Amino acid sequence: MRMTTKLLALAAATSLAGTAQAETLRFHATLDGKTATSATGSAATGTAKVRVDTVTHRVSVDLAVHALTVDALWDKLVKGPIGPIHFHEYIARPGQSDDVVLVLPLPYGATYQPTRDGFRVRMKDYDYAAGAKLLGSEATFEHFIAAMGGGHVVLNIHTDRFTDGEISGTVAKG
């Protein structure tokens, strides 16, 4: 009986130790039409909370958008596999304009829900590798995390009116 108790305690401690190494990184973004990447003058706004699990490589996004409807999203991207909302990485090159690389899509589907004054996207546990594959990207998960943490990633919403992005916001830690 004592041996069984010790084995159960050891198994529980081992399980908890593995869990303790899991880390969830938290990010946020405030979107509008006044940022350098979306200087459209749009009255639409948005806020996003992003969680990234460093063990499972899964990304969760809770995005609330106001003064912009689902119907306004860029039809071409709504019908396409990547959807009208994505994370873009802006890579600064000395003496040149920034290169923009699409790093993670928020595919259009049931996670996009209309609200009274806009819409909400709740994407839970999206597999980073699946998103990268959808884009044909070879960017590693580690690169994605470094770019997110370094302030080089922008969350952008593409609409029929502004196909380059009507509102956007830089992703920041916290």
# chains A, B, ... in the order shown; residues from 1 in each chain; ligands from 1
$ residues_around --residues "range 115-118 of chain A" --least-positions-apart "2" --cutoff "9 Å" --atoms "only C-alpha atoms" --output "PDB file with all heavy atoms, in the first residue's frame"
ATOM      1  N   ALA A  44     -13.738  52.737 -37.694  1.00  0.00           N
ATOM      2  CA  ALA A  44     -13.769  51.403 -37.077  1.00  0.00           C
ATOM      3  C   ALA A  44     -12.613  51.242 -36.094  1.00  0.00           C
ATOM      4  O   ALA A  44     -11.548  51.841 -36.259  1.00  0.00           O
ATOM      5  CB  ALA A  44     -13.699  50.326 -38.150  1.00  0.00           C
ATOM      6  N   ALA A  64     -12.497  41.793 -30.950  1.00  0.00           N
ATOM      7  CA  ALA A  64     -13.773  42.511 -31.006  1.00  0.00           C
ATOM      8  C   ALA A  64     -13.588  43.721 -31.912  1.00  0.00           C
ATOM      9  O   ALA A  64     -12.682  44.524 -31.708  1.00  0.00           O
ATOM     10  CB  ALA A  64     -14.194  42.952 -29.613  1.00  0.00           C
ATOM     11  N   VAL A  65     -14.461  43.836 -32.927  1.00  0.00           N
ATOM     12  CA  VAL A  65     -14.382  44.927 -33.900  1.00  0.00           C
ATOM     13  C   VAL A  65     -15.673  45.733 -33.832  1.00  0.00           C
ATOM     14  O   VAL A  65     -16.772  45.162 -33.787  1.00  0.00           O
ATOM     15  CB  VAL A  65     -14.160  44.380 -35.331  1.00  0.00           C
ATOM     16  CG1 VAL A  65     -14.121  45.500 -36.343  1.00  0.00           C
ATOM     17  CG2 VAL A  65     -12.879  43.553 -35.380  1.00  0.00           C
ATOM     18  N   HIS A  66     -15.539  47.057 -33.833  1.00  0.00           N
ATOM     19  CA  HIS A  66     -16.691  47.960 -33.737  1.00  0.00           C
ATOM     20  C   HIS A  66     -16.732  48.868 -34.967  1.00  0.00           C
ATOM     21  O   HIS A  66     -15.694  49.266 -35.486  1.00  0.00           O
ATOM     22  CB  HIS A  66     -16.598  48.801 -32.469  1.00  0.00           C
ATOM     23  CG  HIS A  66     -16.413  47.958 -31.248  1.00  0.00           C
ATOM     24  ND1 HIS A  66     -17.446  47.285 -30.640  1.00  0.00           N
ATOM     25  CD2 HIS A  66     -15.294  47.633 -30.553  1.00  0.00           C
ATOM     26  CE1 HIS A  66     -16.980  46.607 -29.617  1.00  0.00           C
ATOM     27  NE2 HIS A  66     -15.675  46.781 -29.534  1.00  0.00           N
ATOM     28  N   ALA A  67     -17.944  49.188 -35.427  1.00  0.00           N
ATOM     29  CA  ALA A  67     -18.195  50.080 -36.565  1.00  0.00           C
ATOM     30  C   ALA A  67     -17.710  49.490 -37.885  1.00  0.00           C
ATOM     31  O   ALA A  67     -17.378  50.219 -38.817  1.00  0.00           O
ATOM     32  CB  ALA A  67     -17.597  51.466 -36.332  1.00  0.00           C
ATOM     33  N   LEU A  68     -17.667  48.174 -37.947  1.00  0.00           N
ATOM     34  CA  LEU A  68     -17.302  47.457 -39.175  1.00  0.00           C
ATOM     35  C   LEU A  68     -18.041  46.126 -39.125  1.00  0.00           C
ATOM     36  O   LEU A  68     -18.011  45.447 -38.092  1.00  0.00           O
ATOM     37  CB  LEU A  68     -15.788  47.231 -39.202  1.00  0.00           C
ATOM     38  CG  LEU A  68     -15.123  46.799 -40.492  1.00  0.00           C
ATOM     39  CD1 LEU A  68     -15.312  47.856 -41.576  1.00  0.00           C
ATOM     40  CD2 LEU A  68     -13.639  46.590 -40.251  1.00  0.00           C
ATOM     41  N   THR A  69     -18.715  45.755 -40.204  1.00  0.00           N
ATOM     42  CA  THR A  69     -19.494  44.518 -40.188  1.00  0.00           C
ATOM     43  C   THR A  69     -18.778  43.397 -40.929  1.00  0.00           C
ATOM     44  O   THR A  69     -17.857  43.645 -41.708  1.00  0.00           O
ATOM     45  CB  THR A  69     -20.870  44.732 -40.857  1.00  0.00           C
ATOM     46  OG1 THR A  69     -20.658  45.014 -42.249  1.00  0.00           O
ATOM     47  CG2 THR A  69     -21.644  45.864 -40.190  1.00  0.00           C
ATOM     48  N   VAL A  70     -19.233  42.199 -40.702  1.00  0.00           N
ATOM     49  CA  VAL A  70     -18.700  41.034 -41.405  1.00  0.00           C
ATOM     50  C   VAL A  70     -18.889  41.202 -42.911  1.00  0.00           C
ATOM     51  O   VAL A  70     -18.024  40.823 -43.696  1.00  0.00           O
ATOM     52  CB  VAL A  70     -19.369  39.733 -40.896  1.00  0.00           C
ATOM     53  CG1 VAL A  70     -18.989  38.535 -41.731  1.00  0.00           C
ATOM     54  CG2 VAL A  70     -19.021  39.480 -39.433  1.00  0.00           C
ATOM     55  N   GLN A 113     -18.331  36.125 -35.857  1.00  0.00           N
ATOM     56  CA  GLN A 113     -19.727  36.276 -35.459  1.00  0.00           C
ATOM     57  C   GLN A 113     -20.138  37.748 -35.431  1.00  0.00           C
ATOM     58  O   GLN A 113     -19.457  38.568 -34.816  1.00  0.00           O
ATOM     59  CB  GLN A 113     -19.944  35.677 -34.062  1.00  0.00           C
ATOM     60  CG  GLN A 113     -19.798  34.167 -34.013  1.00  0.00           C
ATOM     61  CD  GLN A 113     -20.898  33.468 -34.778  1.00  0.00           C
ATOM     62  OE1 GLN A 113     -22.085  33.784 -34.623  1.00  0.00           O
ATOM     63  NE2 GLN A 113     -20.526  32.526 -35.625  1.00  0.00           N
ATOM     64  N   ARG A 120     -17.172  39.814 -33.957  1.00  0.00           N
ATOM     65  CA  ARG A 120     -16.180  39.248 -33.049  1.00  0.00           C
ATOM     66  C   ARG A 120     -15.613  37.990 -33.687  1.00  0.00           C
ATOM     67  O   ARG A 120     -16.325  37.248 -34.349  1.00  0.00           O
ATOM     68  CB  ARG A 120     -16.840  38.922 -31.721  1.00  0.00           C
ATOM     69  CG  ARG A 120     -15.873  38.483 -30.675  1.00  0.00           C
ATOM     70  CD  ARG A 120     -16.505  38.540 -29.307  1.00  0.00           C
ATOM     71  NE  ARG A 120     -15.431  38.786 -28.370  1.00  0.00           N
ATOM     72  CZ  ARG A 120     -15.550  39.477 -27.288  1.00  0.00           C
ATOM     73  NH1 ARG A 120     -16.684  40.038 -26.982  1.00  0.00           N
ATOM     74  NH2 ARG A 120     -14.526  39.623 -26.473  1.00  0.00           N
TER      75      ARG A 120
END
$ residues_around --residues "His152 in chain A" --least-positions-apart "6" --cutoff "7 Å" --atoms "only C-alpha atoms" --output "list in words"
Glu89, Tyr90 and Ile91 of chain A
$ residues_around --residues "Phe87 in chain A" --least-positions-apart "4" --cutoff "12 Å" --atoms "only C-alpha atoms" --output "MDAnalysis selection string"
chainID A and resid 29 48 50 59 61 82:83 100:107 128 131:132 135 144:145 147:148 151:158 165 168:171
$ residues_around --residues "Thr56 in chain A" --least-positions-apart "4" --cutoff "10 Å" --atoms "only C-alpha atoms" --output "list in words"
Ala22, Glu23, Thr24, Val52, Asp125, Tyr126, Asp127 and Tyr128 of chain A
$ closest_residue --among "A:Ala39, A:Val121, A:Ala72, A:Leu25" --to "Arg51 in chain A" --atoms "only C-alpha atoms"
A:Leu25
$ select_by_dssp --residues "chain A" --states "strand (DSSP E)" --output "PyMOL selection string"
chain A and resi 24-31+45-53+58-66+85-91+99-106+112-115+118-127+153-157+167-170+172-173
$ atom_distance --atom1 "CA of Tyr112 in chain A" --atom2 "CA of Gly149 in chain A"
25.8 Å
$ select_by_dssp --residues "range 13-137 of chain A" --states "alpha helix (DSSP H)" --output "list in words"
Ala13, Thr14, Ser15, Leu16, Ala17, Gly18, Thr19, Ala20, Gln21, Asp75, Lys76, Leu77, Val78, Lys79, Tyr128, Ala129, Ala130, Gly131, Ala132, Lys133, Leu134 and Leu135 of chain A
